[in-house]
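S.K.: One file: run.pdb (PDB, C-alpha atoms).
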```
ATOM      1  CA  MET A   1      -9.475 113.744 -18.579
ATOM      2  CA  SER A   2     -10.878 110.209 -18.638
ATOM      3  CA  ASN A   3     -11.131 108.145 -15.445
ATOM      4  CA  PHE A   4      -9.740 105.143 -17.331
ATOM      5  CA  SER A   5      -6.023 104.418 -17.160
ATOM      6  CA  ALA A   6      -3.927 104.796 -20.289
ATOM      7  CA  PRO A   7      -2.938 101.634 -22.189
ATOM      8  CA  PRO A   8       0.589 100.336 -21.544
ATOM      9  CA  LEU A   9       3.356 102.366 -23.158
ATOM     10  CA  GLU A  10       4.669  99.470 -25.262
ATOM     11  CA  VAL A  11       1.191  98.875 -26.696
ATOM     12  CA  ARG A  12       0.774 102.548 -27.536
ATOM     13  CA  LEU A  13       4.187 102.794 -29.172
ATOM     14  CA  ALA A  14       3.699  99.622 -31.216
ATOM     15  CA  GLY A  15       0.130 100.517 -32.183
ATOM     16  CA  GLY A  16       0.860 104.148 -33.036
ATOM     17  CA  THR A  17       3.916 103.213 -35.105
ATOM     18  CA  MET A  18       2.174 100.444 -37.059
ATOM     19  CA  THR A  19      -0.924 102.549 -37.668
ATOM     20  CA  SER A  20       1.008 105.622 -38.790
ATOM     21  CA  LEU A  21       3.315 103.680 -41.135
ATOM     22  CA  THR A  22       0.430 101.729 -42.684
ATOM     23  CA  ALA A  23      -1.632 104.897 -43.077
ATOM     24  CA  ILE A  24       1.249 106.766 -44.725
ATOM     25  CA  ILE A  25       1.830 103.927 -47.187
ATOM     26  CA  GLY A  26      -1.890 103.777 -47.963
ATOM     27  CA  PHE A  27      -2.094 107.531 -48.413
ATOM     28  CA  LEU A  28       0.914 107.558 -50.758
ATOM     29  CA  GLY A  29      -0.569 104.691 -52.780
ATOM     30  CA  ASN A  30      -3.835 106.541 -53.268
ATOM     31  CA  PHE A  31      -1.981 109.781 -53.979
ATOM     32  CA  MET A  32       0.077 108.079 -56.700
ATOM     33  CA  LEU A  33      -3.136 106.712 -58.192
ATOM     34  CA  ILE A  34      -4.564 110.241 -58.252
ATOM     35  CA  VAL A  35      -1.425 111.512 -60.033
ATOM     36  CA  VAL A  36      -1.550 108.717 -62.611
ATOM     37  CA  SER A  37      -5.268 109.278 -63.187
ATOM     38  CA  ALA A  38      -4.824 113.039 -63.551
ATOM     39  CA  LYS A  39      -1.952 112.601 -66.004
ATOM     40  CA  ASN A  40      -4.044 110.286 -68.183
ATOM     41  CA  PHE A  41      -7.368 111.989 -67.459
ATOM     42  CA  ALA A  42      -8.294 112.499 -71.122
ATOM     43  CA  SER A  43      -8.160 108.740 -71.725
ATOM     44  CA  PHE A  44      -9.366 107.390 -68.397
ATOM     45  CA  ARG A  45     -12.430 109.621 -68.112
ATOM     46  CA  LYS A  46     -14.028 107.887 -71.099
ATOM     47  CA  THR A  47     -14.473 104.625 -69.220
ATOM     48  CA  PRO A  48     -16.956 103.891 -66.412
ATOM     49  CA  PHE A  49     -14.418 101.630 -64.713
ATOM     50  CA  PHE A  50     -12.066 104.509 -63.938
ATOM     51  CA  LEU A  51     -14.874 106.936 -63.147
ATOM     52  CA  ILE A  52     -16.075 104.532 -60.456
ATOM     53  CA  THR A  53     -12.636 103.801 -59.060
ATOM     54  CA  TRP A  54     -11.918 107.529 -58.735
ATOM     55  CA  GLN A  55     -14.820 107.740 -56.306
ATOM     56  CA  MET A  56     -13.275 104.919 -54.285
ATOM     57  CA  VAL A  57     -10.023 106.859 -54.018
ATOM     58  CA  VAL A  58     -11.943 109.634 -52.254
ATOM     59  CA  GLY A  59     -13.333 107.143 -49.740
ATOM     60  CA  ASP A  60      -9.907 105.577 -49.225
ATOM     61  CA  ILE A  61      -8.363 108.926 -48.354
ATOM     62  CA  MET A  62     -11.156 109.763 -45.898
ATOM     63  CA  VAL A  63     -10.634 106.521 -43.995
ATOM     64  CA  ILE A  64      -6.850 106.865 -43.945
ATOM     65  CA  LEU A  65      -6.915 110.497 -42.817
ATOM     66  CA  ALA A  66      -9.196 109.645 -39.895
ATOM     67  CA  GLN A  67      -6.705 107.047 -38.697
ATOM     68  CA  LEU A  68      -3.676 109.238 -39.322
ATOM     69  CA  VAL A  69      -5.049 112.473 -37.855
ATOM     70  CA  VAL A  70      -7.189 111.185 -34.961
ATOM     71  CA  ALA A  71      -6.268 107.608 -34.081
ATOM     72  CA  VAL A  72      -2.478 107.959 -34.222
ATOM     73  CA  PRO A  73      -2.103 110.987 -31.861
ATOM     74  CA  ILE A  74      -4.531 109.530 -29.301
ATOM     75  CA  THR A  75      -2.843 106.121 -29.491
ATOM     76  CA  PHE A  76       0.600 107.570 -28.806
ATOM     77  CA  ALA A  77      -0.681 109.833 -26.012
ATOM     78  CA  GLY A  78      -2.969 107.315 -24.318
ATOM     79  CA  PHE A  79      -5.665 109.925 -23.693
ATOM     80  CA  ASP A  80      -7.979 112.180 -25.685
ATOM     81  CA  VAL A  81      -5.672 114.917 -26.923
ATOM     82  CA  PHE A  82      -8.642 116.601 -28.606
ATOM     83  CA  GLU A  83     -10.719 116.902 -25.440
ATOM     84  CA  ASP A  84     -10.663 120.718 -25.639
ATOM     85  CA  ALA A  85     -11.447 120.708 -29.378
ATOM     86  CA  PRO A  86     -14.110 118.000 -29.875
ATOM     87  CA  THR A  87     -15.181 119.318 -33.278
ATOM     88  CA  PHE A  88     -11.869 118.318 -34.870
ATOM     89  CA  PRO A  89     -12.096 114.554 -34.194
ATOM     90  CA  PHE A  90     -15.849 114.668 -34.839
ATOM     91  CA  VAL A  91     -15.239 115.876 -38.413
ATOM     92  CA  PHE A  92     -12.673 113.174 -39.153
ATOM     93  CA  ALA A  93     -14.787 110.478 -37.507
ATOM     94  CA  PHE A  94     -17.621 111.548 -39.811
ATOM     95  CA  LEU A  95     -15.242 111.298 -42.785
ATOM     96  CA  ASP A  96     -14.223 107.818 -41.641
ATOM     97  CA  SER A  97     -17.866 106.692 -41.587
ATOM     98  CA  LEU A  98     -18.595 108.305 -44.945
ATOM     99  CA  GLY A  99     -15.432 106.927 -46.515
ATOM    100  CA  TYR A 100     -16.133 103.365 -45.435
ATOM    101  CA  PHE A 101     -19.793 103.463 -46.449
ATOM    102  CA  SER A 102     -19.167 105.163 -49.813
ATOM    103  CA  ASN A 103     -16.359 102.732 -50.632
ATOM    104  CA  MET A 104     -18.648  99.798 -49.966
ATOM    105  CA  LEU A 105     -21.328 101.293 -52.217
ATOM    106  CA  PHE A 106     -18.925 102.115 -55.053
ATOM    107  CA  ALA A 107     -17.359  98.663 -54.845
ATOM    108  CA  PHE A 108     -20.871  97.323 -55.355
ATOM    109  CA  VAL A 109     -21.415  99.721 -58.279
ATOM    110  CA  LEU A 110     -18.117  98.598 -59.826
ATOM    111  CA  ILE A 111     -19.135  94.958 -59.651
ATOM    112  CA  LEU A 112     -22.538  95.810 -61.103
ATOM    113  CA  ASN A 113     -20.734  97.416 -64.041
ATOM    114  CA  ARG A 114     -18.749  94.200 -64.602
ATOM    115  CA  PHE A 115     -21.926  92.132 -64.225
ATOM    116  CA  PHE A 116     -23.886  94.197 -66.757
ATOM    117  CA  ILE A 117     -21.051  94.031 -69.303
ATOM    118  CA  PHE A 118     -20.773  90.258 -69.268
ATOM    119  CA  CYS A 119     -24.162  88.964 -68.130
ATOM    120  CA  ALA A 120     -26.867  91.516 -68.952
ATOM    121  CA  PRO A 121     -28.525  92.806 -72.137
ATOM    122  CA  PRO A 122     -26.773  95.836 -73.711
ATOM    123  CA  PHE A 123     -29.529  98.278 -72.744
ATOM    124  CA  ALA A 124     -29.035  97.541 -69.020
ATOM    125  CA  ASN A 125     -25.391  98.555 -69.061
ATOM    126  CA  SER A 126     -26.134 101.601 -71.219
ATOM    127  CA  PHE A 127     -28.954 102.656 -68.911
ATOM    128  CA  PHE A 128     -26.758 102.708 -65.782
ATOM    129  CA  PHE A 129     -23.269 103.196 -67.219
ATOM    130  CA  GLY A 130     -23.708 105.101 -70.471
ATOM    131  CA  LYS A 131     -21.721 108.216 -71.314
ATOM    132  CA  ARG A 132     -24.043 110.451 -69.273
ATOM    133  CA  SER A 133     -26.005 107.952 -67.200
ATOM    134  CA  VAL A 134     -22.858 106.797 -65.402
ATOM    135  CA  LEU A 135     -22.541 110.307 -63.952
ATOM    136  CA  VAL A 136     -26.128 110.069 -62.710
ATOM    137  CA  SER A 137     -25.386 106.672 -61.128
ATOM    138  CA  LEU A 138     -22.289 108.022 -59.390
ATOM    139  CA  SER A 139     -24.096 111.148 -58.191
ATOM    140  CA  ALA A 140     -27.008 109.100 -56.837
ATOM    141  CA  THR A 141     -24.584 106.857 -54.952
ATOM    142  CA  TRP A 142     -22.828 109.838 -53.371
ATOM    143  CA  ILE A 143     -26.152 111.444 -52.420
ATOM    144  CA  TYR A 144     -27.323 108.248 -50.736
ATOM    145  CA  ALA A 145     -24.036 107.786 -48.854
ATOM    146  CA  ILE A 146     -23.819 111.416 -47.719
ATOM    147  CA  CYS A 147     -27.474 111.680 -46.692
ATOM    148  CA  GLN A 148     -27.529 108.474 -44.657
ATOM    149  CA  THR A 149     -24.174 109.119 -42.969
ATOM    150  CA  SER A 150     -24.986 112.777 -42.281
ATOM    151  CA  TYR A 151     -28.396 112.097 -40.783
ATOM    152  CA  THR A 152     -27.229 109.321 -38.479
ATOM    153  CA  THR A 153     -24.138 111.262 -37.385
ATOM    154  CA  PHE A 154     -25.737 114.656 -36.814
ATOM    155  CA  SER A 155     -28.714 112.996 -35.109
ATOM    156  CA  GLY A 156     -26.468 111.644 -32.384
ATOM    157  CA  CYS A 157     -25.126 108.310 -33.651
ATOM    158  CA  ILE A 158     -21.512 109.398 -33.366
ATOM    159  CA  LYS A 159     -18.312 107.484 -33.977
ATOM    160  CA  THR A 160     -15.523 108.298 -31.513
ATOM    161  CA  PHE A 161     -12.022 106.982 -30.902
ATOM    162  CA  ILE A 162     -11.845 105.445 -27.416
ATOM    163  CA  PRO A 163      -8.407 106.190 -25.853
ATOM    164  CA  HIS A 164      -8.348 103.308 -23.382
ATOM    165  CA  LYS A 165      -9.607 100.821 -26.014
ATOM    166  CA  LEU A 166      -7.648 102.191 -29.009
ATOM    167  CA  TYR A 167     -10.389 101.877 -31.633
ATOM    168  CA  PHE A 168     -13.243 103.788 -33.265
ATOM    169  CA  ARG A 169     -16.639 102.930 -31.808
ATOM    170  CA  PRO A 170     -20.029 104.117 -33.093
ATOM    171  CA  SER A 171     -22.637 104.869 -30.470
ATOM    172  CA  CYS A 172     -26.248 106.076 -30.514
ATOM    173  CA  ARG A 173     -26.405 106.676 -26.763
ATOM    174  CA  THR A 174     -26.047 110.464 -26.876
ATOM    175  CA  ALA A 175     -28.900 112.790 -25.928
ATOM    176  CA  LEU A 176     -29.257 113.920 -29.547
ATOM    177  CA  SER A 177     -29.933 110.465 -30.983
ATOM    178  CA  ASN A 178     -33.483 109.556 -31.987
ATOM    179  CA  ASP A 179     -35.329 106.435 -33.082
ATOM    180  CA  VAL A 180     -34.926 107.186 -36.794
ATOM    181  CA  ALA A 181     -31.174 107.675 -36.426
ATOM    182  CA  ARG A 182     -30.875 104.439 -34.452
ATOM    183  CA  THR A 183     -32.891 102.572 -37.076
ATOM    184  CA  LEU A 184     -30.761 103.960 -39.915
ATOM    185  CA  SER A 185     -27.597 103.104 -38.018
ATOM    186  CA  ARG A 186     -28.812  99.543 -37.519
ATOM    187  CA  PHE A 187     -29.836  99.342 -41.198
ATOM    188  CA  GLY A 188     -26.351 100.534 -42.181
ATOM    189  CA  MET A 189     -24.896  97.717 -40.106
ATOM    190  CA  TYR A 190     -27.008  95.197 -42.006
ATOM    191  CA  GLU A 191     -25.916  96.785 -45.301
ATOM    192  CA  SER A 192     -22.279  96.300 -44.332
ATOM    193  CA  TYR A 193     -23.008  92.589 -43.903
ATOM    194  CA  ALA A 194     -25.050  92.177 -47.079
ATOM    195  CA  PHE A 195     -23.094  94.127 -49.706
ATOM    196  CA  PRO A 196     -19.796  92.187 -49.502
ATOM    197  CA  GLY A 197     -21.660  88.903 -49.835
ATOM    198  CA  ILE A 198     -23.669  90.152 -52.825
ATOM    199  CA  MET A 199     -20.484  91.417 -54.485
ATOM    200  CA  PHE A 200     -18.808  88.039 -54.176
ATOM    201  CA  VAL A 201     -21.852  86.230 -55.561
ATOM    202  CA  LEU A 202     -21.984  88.574 -58.578
ATOM    203  CA  TYR A 203     -18.339  87.943 -59.388
ATOM    204  CA  ILE A 204     -18.931  84.184 -59.173
ATOM    205  CA  ILE A 205     -21.836  84.577 -61.611
ATOM    206  CA  VAL A 206     -19.648  86.574 -64.000
ATOM    207  CA  LEU A 207     -16.893  83.951 -63.862
ATOM    208  CA  ALA A 208     -19.404  81.170 -64.444
ATOM    209  CA  LYS A 209     -20.883  83.030 -67.416
ATOM    210  CA  ILE A 210     -17.465  83.589 -68.972
ATOM    211  CA  ARG A 211     -16.531  79.959 -68.460
ATOM    212  CA  TYR A 212     -19.765  78.886 -70.148
ATOM    213  CA  ASP A 213     -19.138  81.209 -73.125
ATOM    214  CA  PHE A 214     -15.698  79.710 -73.683
ATOM    215  CA  ARG A 215     -16.752  76.100 -73.639
ATOM    216  CA  TYR A 216     -17.223  76.147 -77.426
ATOM    217  CA  LEU A 217     -14.010  77.982 -78.360
ATOM    218  CA  SER A 218     -10.617  76.597 -79.344
ATOM    219  CA  SER A 219      -8.251  75.114 -76.763
ATOM    220  CA  ARG A 220      -5.862  78.032 -77.243
ATOM    221  CA  LEU A 221      -8.559  80.501 -76.322
ATOM    222  CA  GLN A 222      -9.646  78.316 -73.436
ATOM    223  CA  SER A 223      -6.102  78.467 -72.102
ATOM    224  CA  THR A 224      -6.094  82.231 -72.445
ATOM    225  CA  LYS A 225      -9.442  82.421 -70.745
ATOM    226  CA  SER A 226      -8.218  80.238 -67.912
ATOM    227  CA  LYS A 227      -5.474  82.773 -67.156
ATOM    228  CA  THR A 228      -7.979  85.596 -67.336
ATOM    229  CA  GLU A 229     -10.350  83.819 -64.963
ATOM    230  CA  MET A 230      -7.545  83.459 -62.457
ATOM    231  CA  ARG A 231      -6.857  87.198 -62.631
ATOM    232  CA  LEU A 232     -10.532  87.939 -62.151
ATOM    233  CA  LEU A 233     -10.664  85.533 -59.250
ATOM    234  CA  ILE A 234      -7.618  87.145 -57.613
ATOM    235  CA  GLN A 235      -9.136  90.593 -57.969
ATOM    236  CA  SER A 236     -12.476  89.454 -56.602
ATOM    237  CA  ILE A 237     -10.703  87.998 -53.560
ATOM    238  CA  LEU A 238      -8.618  91.134 -53.025
ATOM    239  CA  ILE A 239     -11.435  93.649 -53.440
ATOM    240  CA  CYS A 240     -14.502  91.800 -52.173
ATOM    241  CA  GLY A 241     -12.612  89.508 -49.843
ATOM    242  CA  MET A 242     -10.890  92.392 -48.068
ATOM    243  CA  LEU A 243     -14.255  94.016 -47.427
ATOM    244  CA  GLN A 244     -15.592  90.754 -46.056
ATOM    245  CA  VAL A 245     -12.563  90.305 -43.806
ATOM    246  CA  GLU A 246     -13.005  93.828 -42.447
ATOM    247  CA  VAL A 247     -16.719  93.314 -41.802
ATOM    248  CA  LEU A 248     -16.062  89.998 -40.050
ATOM    249  CA  ALA A 249     -13.328  91.615 -37.971
ATOM    250  CA  PHE A 250     -15.610  94.480 -36.929
ATOM    251  CA  SER A 251     -18.358  92.006 -36.024
ATOM    252  CA  PHE A 252     -16.563  89.245 -34.168
ATOM    253  CA  LEU A 253     -13.098  90.278 -32.980
ATOM    254  CA  PRO A 254     -14.375  92.790 -30.359
ATOM    255  CA  LYS A 255     -16.438  89.966 -28.832
ATOM    256  CA  ILE A 256     -13.401  87.816 -28.111
ATOM    257  CA  LYS A 257     -12.772  87.510 -24.383
ATOM    258  CA  ALA A 258      -9.068  88.114 -23.948
ATOM    259  CA  ALA A 259      -6.608  89.609 -21.503
ATOM    260  CA  PRO A 260      -6.669  93.438 -21.442
ATOM    261  CA  THR A 261      -3.379  93.810 -23.325
ATOM    262  CA  THR A 262      -4.367  91.207 -25.915
ATOM    263  CA  GLY A 263      -7.696  92.994 -26.385
ATOM    264  CA  LEU A 264      -5.845  96.222 -27.141
ATOM    265  CA  TYR A 265      -3.786  94.518 -29.840
ATOM    266  CA  ILE A 266      -6.992  93.079 -31.315
ATOM    267  CA  ASN A 267      -8.488  96.570 -31.486
ATOM    268  CA  LEU A 268      -5.336  97.906 -33.131
ATOM    269  CA  PHE A 269      -5.524  95.082 -35.655
ATOM    270  CA  ILE A 270      -9.097  96.064 -36.523
ATOM    271  CA  GLY A 271      -7.929  99.618 -37.211
ATOM    272  CA  LEU A 272      -5.103  98.318 -39.390
ATOM    273  CA  LEU A 273      -7.603  96.264 -41.393
ATOM    274  CA  SER A 274      -9.585  99.402 -42.229
ATOM    275  CA  ILE A 275      -6.388 101.021 -43.539
ATOM    276  CA  LEU A 276      -5.436  97.901 -45.499
ATOM    277  CA  ASN A 277      -8.891  97.855 -47.062
ATOM    278  CA  ALA A 278      -8.363 101.468 -48.160
ATOM    279  CA  THR A 279      -4.944 100.488 -49.557
ATOM    280  CA  THR A 280      -6.086  97.390 -51.440
ATOM    281  CA  HIS A 281      -7.775  99.399 -54.185
ATOM    282  CA  PRO A 282      -4.665 101.229 -55.536
ATOM    283  CA  LEU A 283      -2.570  98.100 -54.969
ATOM    284  CA  VAL A 284      -4.873  95.991 -57.146
ATOM    285  CA  LEU A 285      -4.869  98.580 -59.932
ATOM    286  CA  PHE A 286      -1.091  99.041 -59.922
ATOM    287  CA  VAL A 287      -0.465  95.299 -59.973
ATOM    288  CA  PHE A 288      -3.218  93.985 -62.253
ATOM    289  CA  ASN A 289      -4.350  96.907 -64.423
ATOM    290  CA  THR A 290      -2.102  97.313 -67.473
ATOM    291  CA  ASP A 291      -3.161 100.890 -68.225
ATOM    292  CA  VAL A 292      -2.631 102.128 -64.676
ATOM    293  CA  ARG A 293       0.692 100.309 -64.421
ATOM    294  CA  LEU A 294       1.926 101.929 -67.634
ATOM    295  CA  GLY A 295       0.868 105.297 -66.279
ATOM    296  CA  LEU A 296       2.761 104.655 -63.041
ATOM    297  CA  LEU A 297       5.916 103.633 -64.897
ATOM    298  CA  GLY A 298       5.626 106.795 -66.953
ATOM    299  CA  LEU A 299       6.062 108.866 -63.795
ATOM    300  CA  PHE A 300       9.573 107.491 -63.181
ATOM    301  CA  LYS A 301      10.991 107.270 -66.680
ATOM    302  CA  LYS A 302      10.381 108.560 -70.175
ATOM    303  CA  PRO A 303       6.603 109.119 -70.375
ATOM    304  CA  THR A 304       4.750 106.067 -71.608
ATOM    305  CA  ALA A 305       1.392 106.983 -73.057
ATOM    306  CA  VAL A 306      -1.557 104.741 -72.366
ATOM    307  CA  GLU A 307      -1.972 103.517 -75.916
ATOM    308  CA  HIS A 308      -5.328 101.842 -75.469
ATOM    309  CA  LEU A 309      -7.889 101.395 -72.766
ATOM    310  CA  SER A 310      -9.474  98.081 -72.031
ATOM    311  CA  THR A 311     -12.500  97.605 -74.218
ATOM    312  CA  THR A 312     -14.121  95.777 -71.327
ATOM    313  CA  TYR A 313     -14.441  99.192 -69.687
ATOM    314  CA  SER A 314     -16.744 100.352 -72.453
ATOM    315  CA  THR A 315     -20.418 101.066 -71.852
ATOM    316  CA  ARG A 316     -21.738  98.238 -73.979
ATOM    317  CA  THR A 317     -22.103  94.558 -73.239
ATOM    318  CA  ILE A 318     -19.560  92.229 -74.831
ATOM    319  CA  PRO A 319     -21.084  89.505 -76.998
ATOM    320  CA  PRO A 320     -19.901  86.017 -75.970
ATOM    321  CA  ASN A 321     -18.197  85.346 -79.320
ATOM    322  CA  ARG A 322     -16.059  88.481 -78.941
ATOM    323  CA  VAL A 323     -14.975  88.195 -75.320
ATOM    324  CA  ALA A 324     -12.037  85.937 -76.122
ATOM    325  CA  THR A 325     -10.519  88.318 -78.675
ATOM    326  CA  ARG A 326      -9.766  90.796 -75.912
ATOM    327  CA  ARG A 327      -7.125  88.939 -74.021
ATOM    328  CA  ALA A 328      -4.838  91.746 -73.003
ATOM    329  CA  THR A 329      -7.596  94.140 -71.993
ATOM    330  CA  LEU A 330      -9.621  91.604 -70.070
ATOM    331  CA  MET A 331      -6.573  90.821 -67.971
ATOM    332  CA  SER A 332      -6.567  94.393 -66.670
ATOM    333  CA  ILE A 333     -10.145  94.503 -65.430
TER     334      ILE A 333
END
```
What's the structure tokens form of this structure?

M.R.:
Amino acid sequence: MSNFSAPPLEVRLAGGTMTSLTAIIGFLGNFMLIVVSAKNFASFRKTPFFLITWQMVVGDIMVILAQLVVAVPITFAGFDVFEDAPTFPFVFAFLDSLGYFSNMLFAFVLILNRFFIFCAPPFANSFFFGKRSVLVSLSATWIYAICQTSYTTFSGCIKTFIPHKLYFRPSCRTALSNDVARTLSRFGMYESYAFPGIMFVLYIIVLAKIRYDFRYLSSRLQSTKSKTEMRLLIQSILICGMLQVEVLAFSFLPKIKAAPTTGLYINLFIGLLSILNATTHPLVLFVFNTDVRLGLLGLFKKPTAVEHLSTTYSTRTIPPNRVATRRATLMSI
């Protein structure tokens, strides 16, 4: 048993309840996305956009399960309920690290796909996101995420849930940790700062390029494009912005000097942000993606087939003079 006193009961009850409810909602959202994707697999698998987002679903579930299986029981109890079985929380803490890191990488890959379609020569998009090359890109991303997370974790840089603080904390202070593991862990921290910023900049470049392409089109098409730009902007804020909010929260909120009880609520809020980040992905697709929304509606009423997939998901770059003809599909990016 820890020498630290358990957090106040009201904090544990509020934190455990909020975390469990948010995690359940996030898990159900990702599960519904899996069902919709599986039902329309024959159509969705042809597009890099969905192939990439499927990888993000895996990361979402890893993060949510770590909160639901490890954080929630310890929060309610106020002490380490897994003290006699340390391997169990270790596995889920590893999944939490891998899920967060892989999601960040695949979000970057997804934005690169959008960037290559609108702003790069056709061969660039085909090289990274062609029919077969997209599988190589996805495999390479998984290999990088798994190797880096595995080495740092199994070399002693371990993430644990602190019962008296109520949050996951990575630490390289164990006897197993070495200089390489510490360096990789520090490099991973810098990556978590850099990637969200790069993603946002790439989306701004894409929006600027699209706006430039539409300067010479008719006013009707400009109006259509204006609506599309707003949808792209909303999605960039939801996807990239949520990552940035989470990174900022991880970096600065723990440094706030507050009363002990207030500090506990801050830590609980940080955990909720990680769940919300894992929930944002299915939420964005269900709300803004026409094909996914039709698939979801088909689960609750007479099946509605996904009649067409967005041509902006294709593996070739869209010429500027043809972007505007794809109003409906561009809205579901």

S.K.: With 5 Å on each side, where is the centre of the axis-aligned box around all listed atoms of region 105-120 of chain A, and how long are its edges in Å to one decimal, as JSON?

M.R.:
```
{"center_x": -22.1, "center_y": 95.5, "center_z": -60.8, "size_x": 19.5, "size_y": 23.2, "size_z": 27.1}
```

S.K.: Please, what distance in Å, to one decimal, runs between CA of Thr19 (chain A) and CA of Asp80 (chain A)?

M.R.: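 CA of Asp80 (chain A) lies at a distance of 16.9 Å from CA of Thr19 (chain A).
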
S.K.: Mind checking which residues fall within 10 Å of Met189 (chain A), counting only C-alpha atoms, ignoring those fewer than 6 positions away in the same chain, and posting them as number ranges by chain?

M.R.: A: 101, 183, 247, 251

S.K.: Could you list the residues chosen by the PyMOL selection byres ((chain A and resi 103) around 9) in this structure as a count of residues only?

M.R.: 17

S.K.: Hey, what's within 7 Å of region 203-206 of chain A if we count all atoms listed in the file and toss same-chain stuff fewer than 4 positions away? As a VMD selection string, please?

M.R.: chain A and resid 115 118 to 119 199 210 236
